[in-house]
Structures are given as structure tokens and as C-alpha cells.
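A quick write-up on the structure given underneath.
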Amino acid sequence: TWRAIGANGQLPIPPIYISQGDVLELTAINNLDKPLSLHAHGLFQRNSTFYDGVGMATECGIPPGAQFTYIIETRDQCGTFWVHAHYGTEGIDGLRTALIIHDQDPQLLDEYDEDVLLTLEDWGHEPYDDHIKMLQTIAEVDMPPNHPTVLINGINANFSQPIRFLPGRRYRLRVVSMSFTYWFKVRLPGHTMQVIEADGISSHPSAVDGLDLCPGQRYSVIITAKESLDYNYALNVTFYNDFIVDIPGLTTLYHQVPIVYHNNAPVKTYPVIEDHEVKWADELAMEPRDEQILLEPVDQHIVRSVKALPKDLGVPIYAFGNYSYAPRFKGRQPMRRDTITLALGQYVKVRIQADNPGVWFQHCHQEQHNLSGLGFTLIEAPDVMQRTLRMPSEMMEFCRMLGHPTQGNSAGRAGSDMTGIEQPIAISGSANSISDTV
């Protein structure tokens, strides 16, 4: 056993449900023995970068024994998001939950009858700090078999709770990858999924057979229940990660969530098909409902080069404070999302509109890569930020309480003196080299 992190005496932490236009206040009371911060994954925090909750990027953290209230505006956003700790490894150790912002668009609400949440998590066998220490001391080929297991809706996936379907009803299934290490694939054989959202962006319905989610991604799909009670079905969840040596029964796990039409009905079985035969959800085939056109002309180009191990699956890159426009696109109205997979040997072009003054940390959402330095800071409109943004006074006091300077460069020193700046953690087998060109 080991100490996990929950909230209000609960683990798993209950989901948060609000409606678009609400102002969410999250008060974090830090009863840990180390600093704490909370980040709402996918929320813009427009004109309030200081509420973004990224430890040692937008704040120094909440000291032990202190408390702080994050204020999150939702005027411009709705859909499927999640909240997690963003100081050290507290998120992967349990401090994470889904955040659902209900859309008020009557046309969209008419497309389904019921809302169903499916959260997917990786769960370790030890505090992740201890896991990182182990990775620092061994070669990758000697990595012991202590790979994470799966939680579905906060419960061990071997004991997944059933989802009940009524004949003919239309279910909006919100799938949230609250993972920090592994990928998930989700399929419901015998049923068609109509994708209507990716990462908080509503899309026109498009039919798919399955979803493939990297850490941090979300989808909403509409599934129309069958008219018959003759059979029950199984929602298939695959837990995988291609950048470590495959160990059967450990590195790729297969789980099922019962879809129950009738308690006494048998489960209908289907032949196993290969991944390449599945029509997976794809941004290229999705069209945003808001029909926002491609951003152009481009005013500035930034090139980031990531050097990774030859067998890397890829890295899930998360964009704070903005949506990435068109990881891949065709036509004039590309789909947008905040978390994208950068595959081995490939590149991705994204376009953002720099209209949200603040400090935004862009990083890999694979925790091992993030801790080893795979990230960069995007500072939007620093002149506007200095004129218009005022950090809450408590945050400045927290920095002083934790012994962090509040003036100077990244090391808290004058000019180009970077003495004492903390270096990324060196981890065996990590993608941790970035170069850039502007």
C-alpha cells in the first residue's frame, strides 16, 4: 500500500458538473507536506493566466497548511475537460477528476437523451516520485515489471461497473483520458459512435468505430441503443504504450465495461478485428460546429524540434491557454483541439491566435517526458500582460513563504545570470531534447 492523494476525504474524486457561463471557484486547502497547485485542463483562463495552476510556471504553489481559490470563467467554453494537480507528481498520484461544462445550445441537446461519463486512468503501484527515482537508476532494458494498471470511472478496471442502456435511447458518452503515461483505445462492437466533440470543441456528427486517446485527450460520442433486449454488449478498453518493451499481461491490458440492456440477457460476441480495420476518430474527418475558418496569414513561425528514442510511440503535446489550430487539416474549417499526438519521425503544424496575454506552459503530457524537460513556455503579449494583469497578493506571499524570488529572470537573478536554476530530471529512455527556430 502507499499514500495516494484525494480531496475532501474521497478517492476517486467526484466529477465536477457546471453549465456554460458559470463561474467555477475551486478552493484548494493544502493538507499535504509539499506545495500544491490545481490546473483545469483545456480551460483558457483568458486574462487570468495566474489561475492556470502550473507549479513554478504561473505560480509558486500553495504552501503546506495554506489555501487558495482558483476562479475559472466559462463564458466561451463548454464540453469535456478535467482538473488535476500540476505541481510535481501529485496529479498522477490521484489528484484528478473530470470537469463537465454543459452546453446550453438547444440544437445540440436535442441530439441525445442521456449523458454518460467514462473516465480512464493509469494507476501505479507506488508514489510516482519513487517510480521516477527507480527510472533514474536503471537502464531501460532492465526496467522491472511494475507497470500501471487501469481505473475506469475511478474503479479497478477488473471490476468495471455496468452502463445500462434502454432501447432506442441516445447516449452521449464522454470519454476522458485522465492518464499521465499510457494511451487508451475504446470500442463498442455492434454499435456506431457519432463523434460530436474533441477536447471541448463541438463538431458535426461523424460516424466512427472507435476512439484512440493519448494522455489528456477527450471525446464525446453519441451512441444509439439497439431496440432489442435480446443481448448485452461489452465496451472494449485497450490500455497500451508502444515506447516500452511489450510484456504480455502487463504493458498492454484489455478490459471490458458491461453494457447492460437486460440483466438476464447473454453477452453478444463479435470476431476480433485488427486495428487497421477499425475506423478510428480522426481530426481530419471532423468539422467544427462553429465553422471557424483557418487562421491566416501566419505572422510568425516557430519551429520546435523534439529528439526522441527510436522506438517512441510519440508524445502527447498539450497547449495551455489556446487551442491548437489544425494538427492536420484539409479545407478551410479545420478541427481544433488542445492535446495532440506527435508521432515518431513525423511533424505537426499548429496555428494559434496570440490573443490571450499570459505565461503558458506547453509540454508533453506523458509524465516521464514532462519531468525530464520536454516542454517550453509561451509568453503571449508580454507588454499587454504587464499593463493589464495583476497577480493575486496571496500568490506573491506564497512565493515568499516557499523561499522563491518574485523578481528577476528564470533563476530569480539579474540579467543573464542563471546560476542555481533547477535542471530537468534525467530519466533513462526519455525524450528530453528540444531545439527551436523562430
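We label chains A, B, ... in the order they appear in the C-alpha cells, count residues from 1 in each chain, and number ligands from 1 in the order shown.
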Selection: 10 Å around A:Asp122, only C-alpha atoms, excl. self and same-chain fewer than 6 positions, as a compact mmCIF listing (two decimals) with C-alpha atoms, in the first residue's frame:
# COMPACT_ATOMS: atom_id res chain seq x y z
CA ILE A 92 -0.68 11.02 -11.24
CA ASP A 93 -0.85 10.10 -7.54
CA GLY A 94 -4.61 10.63 -7.51
CA HIS A 147 3.72 -1.08 -14.95
CA PRO A 148 0.49 0.72 -14.04
CA THR A 149 -2.96 -0.78 -14.02
CA VAL A 150 -6.25 0.76 -15.20
CA LEU A 151 -9.03 2.62 -13.44
CA ILE A 152 -12.38 3.06 -15.19
CA GLY A 154 -12.21 5.55 -10.61
CA ASN A 156 -10.15 -1.04 -10.79
CA SER A 177 -8.24 10.12 -20.73
CA MET A 178 -7.01 11.28 -17.32
CA SER A 179 -3.81 9.38 -18.00
CA PHE A 180 -0.24 10.51 -17.45
CA THR A 181 1.63 7.63 -19.09
CA TYR A 182 -0.42 5.34 -21.34
CA TRP A 183 -2.83 5.54 -24.29
CA PHE A 184 -6.38 4.15 -24.47
CA PRO A 215 -2.94 11.22 -22.26
CA PHE A 239 -4.53 0.22 -22.38
- All strand (DSSP E) positions in stretch 75-180 of chain A, as a ChimeraX atom specification: /A:79-85,96-102,114-123,149-152,155-156,163-164,170-177
- All residues 9 Å or closer to A:Met385, only C-alpha atoms, same chain fewer than 6 positions away omitted, as a list in words: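 Close residues of A:Met385: Asn47, Asn356, Pro357, Gly358 and Val359 of chain A.
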- Message: Could you tell me how far atom CA of A:Ile132 sits from atom CA of A:Lys185, in Å to one decimal place?
- Response: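 Calculated distance between atom CA of A:Lys185 and atom CA of A:Ile132 is 26.0 Å.
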- Best match for closeness to A:Thr406 among A:Val195, A:Met391, A:Leu43, A:Ala265, counting only C-alpha atoms: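 Counting only C-alpha atoms, the residue closest to A:Thr406 is A:Met391.
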- Query: Counting only C-alpha atoms, what is within 10 Å of A:Leu211, bar same-chain residues fewer than 6 positions away, as a list of chain:residue names?
  - Reply: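 Everything that qualifies: A:Val175, A:Phe184, A:Lys185, A:Val186, A:Arg187, A:Leu188, A:Met193, A:Val195, A:Arg218, A:Tyr219, A:Ser220, A:Val221, A:Val237, A:Val278, A:Lys279, A:Trp280, A:Ala281, A:Asp282.
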Resulting file, chosen residues, all heavy atoms, as a compact mmCIF listing (two decimals), in the first residue's frame:
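See part_2.txt below for the written result:
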# COMPACT_ATOMS: atom_id res chain seq x y z
N VAL A 175 -15.76 10.49 -23.04
CA VAL A 175 -14.60 9.67 -22.71
C VAL A 175 -13.44 10.61 -22.40
O VAL A 175 -13.05 11.44 -23.23
CB VAL A 175 -14.23 8.73 -23.87
CG1 VAL A 175 -13.08 7.81 -23.47
CG2 VAL A 175 -15.46 7.90 -24.29
N PHE A 184 -5.19 4.99 -24.56
CA PHE A 184 -6.38 4.15 -24.47
C PHE A 184 -7.06 4.06 -25.84
O PHE A 184 -7.12 5.04 -26.58
CB PHE A 184 -7.39 4.74 -23.48
CG PHE A 184 -7.02 4.58 -22.03
CD1 PHE A 184 -6.39 5.61 -21.36
CD2 PHE A 184 -7.31 3.40 -21.35
CE1 PHE A 184 -6.06 5.48 -20.02
CE2 PHE A 184 -6.98 3.26 -20.02
CZ PHE A 184 -6.35 4.29 -19.35
N LYS A 185 -7.60 2.88 -26.14
CA LYS A 185 -8.50 2.70 -27.27
C LYS A 185 -9.84 2.21 -26.74
O LYS A 185 -9.88 1.37 -25.83
CB LYS A 185 -7.92 1.69 -28.27
CG LYS A 185 -6.69 2.20 -29.00
CD LYS A 185 -6.12 1.16 -29.95
CE LYS A 185 -4.88 1.71 -30.66
NZ LYS A 185 -4.24 0.68 -31.51
N VAL A 186 -10.92 2.74 -27.32
CA VAL A 186 -12.27 2.43 -26.84
C VAL A 186 -13.14 2.06 -28.03
O VAL A 186 -13.21 2.80 -29.02
CB VAL A 186 -12.89 3.64 -26.10
CG1 VAL A 186 -14.31 3.33 -25.66
CG2 VAL A 186 -12.03 4.03 -24.90
N ARG A 187 -13.81 0.90 -27.93
CA ARG A 187 -14.73 0.46 -28.98
C ARG A 187 -15.95 -0.20 -28.36
O ARG A 187 -15.85 -0.79 -27.28
CB ARG A 187 -14.05 -0.55 -29.92
CG ARG A 187 -12.92 -0.01 -30.77
CD ARG A 187 -12.44 -1.07 -31.77
NE ARG A 187 -13.54 -1.47 -32.64
CZ ARG A 187 -13.93 -2.75 -32.81
NH1 ARG A 187 -13.32 -3.71 -32.16
NH2 ARG A 187 -14.93 -3.04 -33.61
N LEU A 188 -17.09 -0.11 -29.04
CA LEU A 188 -18.30 -0.81 -28.64
C LEU A 188 -18.82 -1.58 -29.86
O LEU A 188 -19.63 -1.08 -30.65
CB LEU A 188 -19.36 0.18 -28.14
CG LEU A 188 -20.69 -0.44 -27.68
CD1 LEU A 188 -20.46 -1.53 -26.65
CD2 LEU A 188 -21.62 0.63 -27.13
N MET A 193 -20.51 4.81 -33.26
CA MET A 193 -20.28 6.03 -32.49
C MET A 193 -20.34 7.23 -33.42
O MET A 193 -19.71 7.23 -34.49
CB MET A 193 -18.91 5.99 -31.82
CG MET A 193 -18.73 4.89 -30.80
SD MET A 193 -17.03 4.92 -30.11
CE MET A 193 -17.20 3.72 -28.78
N VAL A 195 -19.11 10.88 -33.42
CA VAL A 195 -18.28 11.83 -32.69
C VAL A 195 -18.88 13.23 -32.80
O VAL A 195 -19.19 13.70 -33.91
CB VAL A 195 -16.84 11.86 -33.23
CG1 VAL A 195 -15.97 12.82 -32.42
CG2 VAL A 195 -16.23 10.46 -33.19
N ARG A 218 -9.87 14.08 -24.89
CA ARG A 218 -11.26 13.77 -24.59
C ARG A 218 -12.07 13.71 -25.88
O ARG A 218 -11.77 14.41 -26.84
CB ARG A 218 -11.91 14.84 -23.68
CG ARG A 218 -11.30 14.94 -22.30
CD ARG A 218 -10.16 15.91 -22.22
NE ARG A 218 -10.58 17.28 -22.52
CZ ARG A 218 -9.77 18.20 -23.02
NH1 ARG A 218 -8.52 17.92 -23.32
NH2 ARG A 218 -10.23 19.43 -23.25
N TYR A 219 -13.09 12.87 -25.87
CA TYR A 219 -14.06 12.80 -26.96
C TYR A 219 -15.47 12.68 -26.37
O TYR A 219 -15.65 12.13 -25.28
CB TYR A 219 -13.84 11.56 -27.84
CG TYR A 219 -12.72 11.67 -28.86
CD1 TYR A 219 -11.52 11.00 -28.65
CD2 TYR A 219 -12.89 12.39 -30.03
CE1 TYR A 219 -10.50 11.07 -29.60
CE2 TYR A 219 -11.88 12.46 -30.99
CZ TYR A 219 -10.68 11.80 -30.76
OH TYR A 219 -9.67 11.87 -31.69
N SER A 220 -16.45 13.18 -27.12
CA SER A 220 -17.85 12.86 -26.88
C SER A 220 -18.39 12.17 -28.12
O SER A 220 -18.15 12.62 -29.25
CB SER A 220 -18.68 14.11 -26.60
OG SER A 220 -18.49 14.58 -25.29
N VAL A 221 -19.10 11.07 -27.88
CA VAL A 221 -19.75 10.36 -28.99
C VAL A 221 -21.20 10.09 -28.61
O VAL A 221 -21.53 9.92 -27.44
CB VAL A 221 -19.03 9.02 -29.31
CG1 VAL A 221 -17.61 9.28 -29.79
CG2 VAL A 221 -19.03 8.08 -28.11
N VAL A 237 -11.94 -1.68 -23.82
CA VAL A 237 -10.94 -0.65 -23.48
C VAL A 237 -9.56 -1.29 -23.53
O VAL A 237 -9.29 -2.26 -22.80
CB VAL A 237 -11.21 -0.06 -22.08
CG1 VAL A 237 -10.11 0.94 -21.71
CG2 VAL A 237 -12.57 0.61 -22.03
N VAL A 278 -10.25 -0.91 -38.26
CA VAL A 278 -11.16 -0.06 -37.48
C VAL A 278 -11.13 1.36 -38.02
O VAL A 278 -10.07 1.91 -38.32
CB VAL A 278 -10.76 -0.07 -35.99
CG1 VAL A 278 -11.66 0.87 -35.18
CG2 VAL A 278 -10.82 -1.48 -35.42
N LYS A 279 -12.29 1.96 -38.13
CA LYS A 279 -12.37 3.38 -38.48
C LYS A 279 -12.29 4.18 -37.19
O LYS A 279 -13.25 4.32 -36.45
CB LYS A 279 -13.67 3.69 -39.23
CG LYS A 279 -13.78 5.16 -39.66
CD LYS A 279 -15.09 5.44 -40.37
CE LYS A 279 -15.19 6.90 -40.77
NZ LYS A 279 -16.48 7.21 -41.43
N TRP A 280 -11.09 4.70 -36.91
CA TRP A 280 -10.87 5.45 -35.68
C TRP A 280 -11.25 6.92 -35.86
O TRP A 280 -11.19 7.45 -36.97
CB TRP A 280 -9.40 5.37 -35.26
CG TRP A 280 -8.91 3.98 -35.00
CD1 TRP A 280 -8.16 3.19 -35.82
CD2 TRP A 280 -9.18 3.19 -33.83
NE1 TRP A 280 -7.94 1.98 -35.24
CE2 TRP A 280 -8.54 1.93 -34.02
CE3 TRP A 280 -9.89 3.42 -32.65
CZ2 TRP A 280 -8.59 0.92 -33.07
CZ3 TRP A 280 -9.94 2.41 -31.69
CH2 TRP A 280 -9.30 1.18 -31.90
N ALA A 281 -11.67 7.56 -34.78
CA ALA A 281 -11.93 9.00 -34.82
C ALA A 281 -10.68 9.73 -35.30
O ALA A 281 -9.56 9.40 -34.88
CB ALA A 281 -12.35 9.51 -33.45
N ASP A 282 -10.86 10.72 -36.16
CA ASP A 282 -9.73 11.39 -36.80
C ASP A 282 -10.09 12.87 -37.00
O ASP A 282 -11.12 13.18 -37.59
CB ASP A 282 -9.46 10.72 -38.15
CG ASP A 282 -8.23 11.27 -38.85
OD1 ASP A 282 -7.64 12.25 -38.36
OD2 ASP A 282 -7.85 10.70 -39.90
For the interface of stretch 67-174 of chain A with stretch 19-28 of chain A (cut-off 7 Å, counting only C-alpha atoms), please tabulate each contacting residue of stretch 67-174 of chain A alongside its nearest pair of atoms and their separation in Å to one decimal, rows sorted by chain and increasing number, as a Markdown table.
| residue | atom | partner | partner_atom | distance |
| --- | --- | --- | --- | --- |
| A:Gln67 | CA | A:Ala28 | CA | 5.4 |
| A:Phe68 | CA | A:Ala28 | CA | 5.4 |
| A:Thr69 | CA | A:Thr27 | CA | 4.0 |
| A:Tyr70 | CA | A:Leu26 | CA | 5.0 |
| A:Ile71 | CA | A:Glu25 | CA | 4.7 |
| A:Ile72 | CA | A:Leu24 | CA | 5.0 |
| A:Glu73 | CA | A:Val23 | CA | 4.9 |
| A:Thr74 | CA | A:Gly21 | CA | 5.0 |
| A:Arg75 | CA | A:Gly21 | CA | 4.3 |
| A:Gln77 | CA | A:Gln20 | CA | 6.6 |
| A:Cys78 | CA | A:Gln20 | CA | 5.6 |
| A:Ile101 | CA | A:Ser19 | CA | 4.9 |
| A:His102 | CA | A:Ser19 | CA | 4.5 |
| A:Asp103 | CA | A:Gln20 | CA | 5.8 |
| A:Gln104 | CA | A:Gln20 | CA | 6.7 |
Those same residues, written as a short mmCIF file (atom, residue, chain, number, x, y, z; two decimals), in the first residue's frame with all heavy atoms?
data_model
loop_
_atom_site.label_atom_id
_atom_site.label_comp_id
_atom_site.auth_asym_id
_atom_site.auth_seq_id
_atom_site.Cartn_x
_atom_site.Cartn_y
_atom_site.Cartn_z
N GLN A 67 -4.25 27.85 1.83
CA GLN A 67 -5.33 27.58 0.90
C GLN A 67 -5.43 28.69 -0.12
O GLN A 67 -4.99 29.82 0.11
CB GLN A 67 -6.66 27.40 1.62
CG GLN A 67 -7.24 28.65 2.23
CD GLN A 67 -8.59 28.39 2.89
OE1 GLN A 67 -8.69 27.58 3.82
NE2 GLN A 67 -9.62 29.07 2.41
N PHE A 68 -6.03 28.36 -1.27
CA PHE A 68 -6.16 29.34 -2.35
C PHE A 68 -7.38 28.96 -3.18
O PHE A 68 -7.68 27.77 -3.36
CB PHE A 68 -4.91 29.36 -3.22
CG PHE A 68 -4.95 30.39 -4.32
CD1 PHE A 68 -4.80 31.74 -4.03
CD2 PHE A 68 -5.18 30.02 -5.64
CE1 PHE A 68 -4.85 32.69 -5.03
CE2 PHE A 68 -5.23 30.96 -6.64
CZ PHE A 68 -5.07 32.30 -6.34
N THR A 69 -8.08 29.98 -3.70
CA THR A 69 -9.25 29.76 -4.54
C THR A 69 -8.95 30.14 -5.99
O THR A 69 -8.59 31.28 -6.29
CB THR A 69 -10.45 30.57 -4.04
OG1 THR A 69 -10.79 30.15 -2.71
CG2 THR A 69 -11.66 30.37 -4.94
N TYR A 70 -9.07 29.16 -6.86
CA TYR A 70 -8.93 29.39 -8.30
C TYR A 70 -10.30 29.78 -8.86
O TYR A 70 -11.32 29.16 -8.54
CB TYR A 70 -8.45 28.12 -9.01
CG TYR A 70 -7.07 27.68 -8.61
CD1 TYR A 70 -6.88 26.81 -7.52
CD2 TYR A 70 -5.94 28.10 -9.30
CE1 TYR A 70 -5.62 26.39 -7.15
CE2 TYR A 70 -4.67 27.70 -8.94
CZ TYR A 70 -4.52 26.84 -7.86
OH TYR A 70 -3.26 26.43 -7.49
N ILE A 71 -10.33 30.81 -9.69
CA ILE A 71 -11.57 31.29 -10.30
C ILE A 71 -11.52 31.01 -11.79
O ILE A 71 -10.60 31.46 -12.49
CB ILE A 71 -11.78 32.80 -10.03
CG1 ILE A 71 -11.85 33.04 -8.51
CG2 ILE A 71 -13.05 33.29 -10.71
CD1 ILE A 71 -11.95 34.49 -8.13
N ILE A 72 -12.49 30.26 -12.28
CA ILE A 72 -12.48 29.80 -13.67
C ILE A 72 -13.74 30.29 -14.37
O ILE A 72 -14.86 29.90 -14.01
CB ILE A 72 -12.40 28.27 -13.72
CG1 ILE A 72 -11.12 27.78 -13.00
CG2 ILE A 72 -12.41 27.77 -15.16
CD1 ILE A 72 -11.06 26.28 -12.83
N GLU A 73 -13.57 31.14 -15.36
CA GLU A 73 -14.68 31.64 -16.17
C GLU A 73 -14.99 30.64 -17.29
O GLU A 73 -14.09 30.04 -17.87
CB GLU A 73 -14.31 32.99 -16.78
CG GLU A 73 -13.95 34.07 -15.76
CD GLU A 73 -15.17 34.82 -15.26
OE1 GLU A 73 -16.28 34.52 -15.76
OE2 GLU A 73 -15.01 35.69 -14.39
N THR A 74 -16.27 30.48 -17.60
CA THR A 74 -16.65 29.52 -18.65
C THR A 74 -17.55 30.15 -19.71
O THR A 74 -18.33 29.45 -20.36
CB THR A 74 -17.35 28.30 -18.03
OG1 THR A 74 -18.61 28.71 -17.48
CG2 THR A 74 -16.50 27.67 -16.94
N ARG A 75 -17.44 31.45 -19.88
CA ARG A 75 -18.32 32.11 -20.87
C ARG A 75 -18.11 31.56 -22.27
O ARG A 75 -19.07 31.41 -23.03
CB ARG A 75 -18.05 33.62 -20.87
CG ARG A 75 -18.52 34.36 -19.64
CD ARG A 75 -18.39 35.86 -19.86
NE ARG A 75 -17.02 36.24 -20.18
CZ ARG A 75 -16.11 36.58 -19.28
NH1 ARG A 75 -16.43 36.56 -17.99
NH2 ARG A 75 -14.89 36.91 -19.63
N GLN A 77 -16.46 28.66 -23.24
CA GLN A 77 -16.13 27.25 -23.42
C GLN A 77 -17.19 26.34 -22.80
O GLN A 77 -17.83 26.69 -21.81
CB GLN A 77 -14.77 26.95 -22.77
CG GLN A 77 -13.60 27.60 -23.49
CD GLN A 77 -12.27 27.21 -22.87
OE1 GLN A 77 -11.76 27.91 -22.01
NE2 GLN A 77 -11.72 26.09 -23.30
N CYS A 78 -17.34 25.17 -23.42
CA CYS A 78 -18.19 24.12 -22.88
C CYS A 78 -17.67 22.80 -23.41
O CYS A 78 -16.89 22.76 -24.36
CB CYS A 78 -19.66 24.33 -23.25
SG CYS A 78 -19.96 24.36 -25.02
N ILE A 101 -18.61 20.82 -18.54
CA ILE A 101 -19.29 22.10 -18.70
C ILE A 101 -20.41 21.89 -19.71
O ILE A 101 -20.16 21.72 -20.91
CB ILE A 101 -18.33 23.20 -19.16
CG1 ILE A 101 -17.13 23.31 -18.21
CG2 ILE A 101 -19.05 24.54 -19.26
CD1 ILE A 101 -16.08 24.32 -18.64
N HIS A 102 -21.64 21.86 -19.22
CA HIS A 102 -22.77 21.54 -20.08
C HIS A 102 -23.06 22.67 -21.07
O HIS A 102 -23.14 23.84 -20.70
CB HIS A 102 -24.01 21.26 -19.24
CG HIS A 102 -23.96 19.96 -18.49
ND1 HIS A 102 -23.97 18.74 -19.13
CD2 HIS A 102 -23.88 19.69 -17.16
CE1 HIS A 102 -23.91 17.77 -18.23
NE2 HIS A 102 -23.85 18.32 -17.03
N ASP A 103 -23.24 22.27 -22.31
CA ASP A 103 -23.60 23.18 -23.38
C ASP A 103 -25.07 23.58 -23.23
O ASP A 103 -25.91 22.76 -22.84
CB ASP A 103 -23.38 22.48 -24.72
CG ASP A 103 -23.33 23.46 -25.89
OD1 ASP A 103 -24.16 24.37 -25.92
OD2 ASP A 103 -22.47 23.29 -26.77
N GLN A 104 -25.37 24.84 -23.52
CA GLN A 104 -26.76 25.32 -23.43
C GLN A 104 -27.43 25.42 -24.79
O GLN A 104 -28.55 25.92 -24.90
CB GLN A 104 -26.77 26.69 -22.75
CG GLN A 104 -26.18 26.68 -21.34
CD GLN A 104 -26.91 25.72 -20.42
OE1 GLN A 104 -28.09 25.88 -20.16
NE2 GLN A 104 -26.20 24.71 -19.93
#
- Item | Picked from stretch 370-422 of chain A by DSSP as helix (DSSP H, G or I), as a PyMOL selection string | chain A and resi 370-371+382-388+393-401
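Distances to A:Asp275 were evaluated for A:Thr377, A:Asp355, A:Arg289, A:Gly210 using only C-alpha atoms, and the minimum falls at A:Gly210.
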- Task: Pick out the residues sitting within 6 Å of A:Tyr171, and hand them over as a ChimeraX atom specification; count only C-alpha atoms, and ignore anything fewer than 6 positions along from it in its own chain.
- Result: /A:112-115,222-223
- Message: Just want the 7 Å neighbourhood of A:Leu229, counted on only C-alpha atoms, with same-chain residues fewer than 2 positions away dropped. Output as an NGL selection string.
- Response: :A and (227 or 231 or 261-262)
Contacts of A:Tyr87 within 8 Å, only C-alpha atoms, excl. fewer than 4 positions in-chain, as a short mmCIF file (atom, residue, chain, number, x, y, z; two decimals) with N, CA, C and O atoms, in the first residue's frame:
data_model
loop_
_atom_site.label_atom_id
_atom_site.label_comp_id
_atom_site.auth_asym_id
_atom_site.auth_seq_id
_atom_site.Cartn_x
_atom_site.Cartn_y
_atom_site.Cartn_z
N PRO A 35 4.23 21.64 -1.58
CA PRO A 35 3.37 22.60 -2.28
C PRO A 35 2.36 21.90 -3.20
O PRO A 35 2.54 20.75 -3.60
N LEU A 36 1.31 22.64 -3.55
CA LEU A 36 0.21 22.11 -4.34
C LEU A 36 -0.24 23.17 -5.34
O LEU A 36 -0.18 24.36 -5.07
N SER A 37 -0.69 22.73 -6.51
CA SER A 37 -1.39 23.62 -7.44
C SER A 37 -2.41 22.80 -8.22
O SER A 37 -2.28 21.58 -8.36
N LEU A 38 -3.46 23.46 -8.74
CA LEU A 38 -4.52 22.80 -9.49
C LEU A 38 -4.64 23.44 -10.86
O LEU A 38 -4.66 24.67 -10.99
N VAL A 54 -0.15 26.08 -12.89
CA VAL A 54 1.04 25.32 -13.26
C VAL A 54 2.17 25.67 -12.30
O VAL A 54 2.72 26.77 -12.34
N GLY A 55 2.50 24.73 -11.42
CA GLY A 55 3.51 24.99 -10.41
C GLY A 55 4.85 25.39 -11.02
O GLY A 55 5.34 24.76 -11.95
N MET A 56 5.42 26.47 -10.50
CA MET A 56 6.72 27.02 -10.91
C MET A 56 6.71 27.53 -12.35
O MET A 56 7.76 27.70 -12.97
N GLY A 61 3.08 27.80 -6.15
CA GLY A 61 2.42 26.71 -5.46
C GLY A 61 1.82 27.18 -4.14
O GLY A 61 2.20 28.21 -3.59
N GLY A 91 -0.72 14.90 -9.48
CA GLY A 91 -1.83 14.51 -10.34
C GLY A 91 -1.87 13.02 -10.58
O GLY A 91 -2.91 12.37 -10.44
#
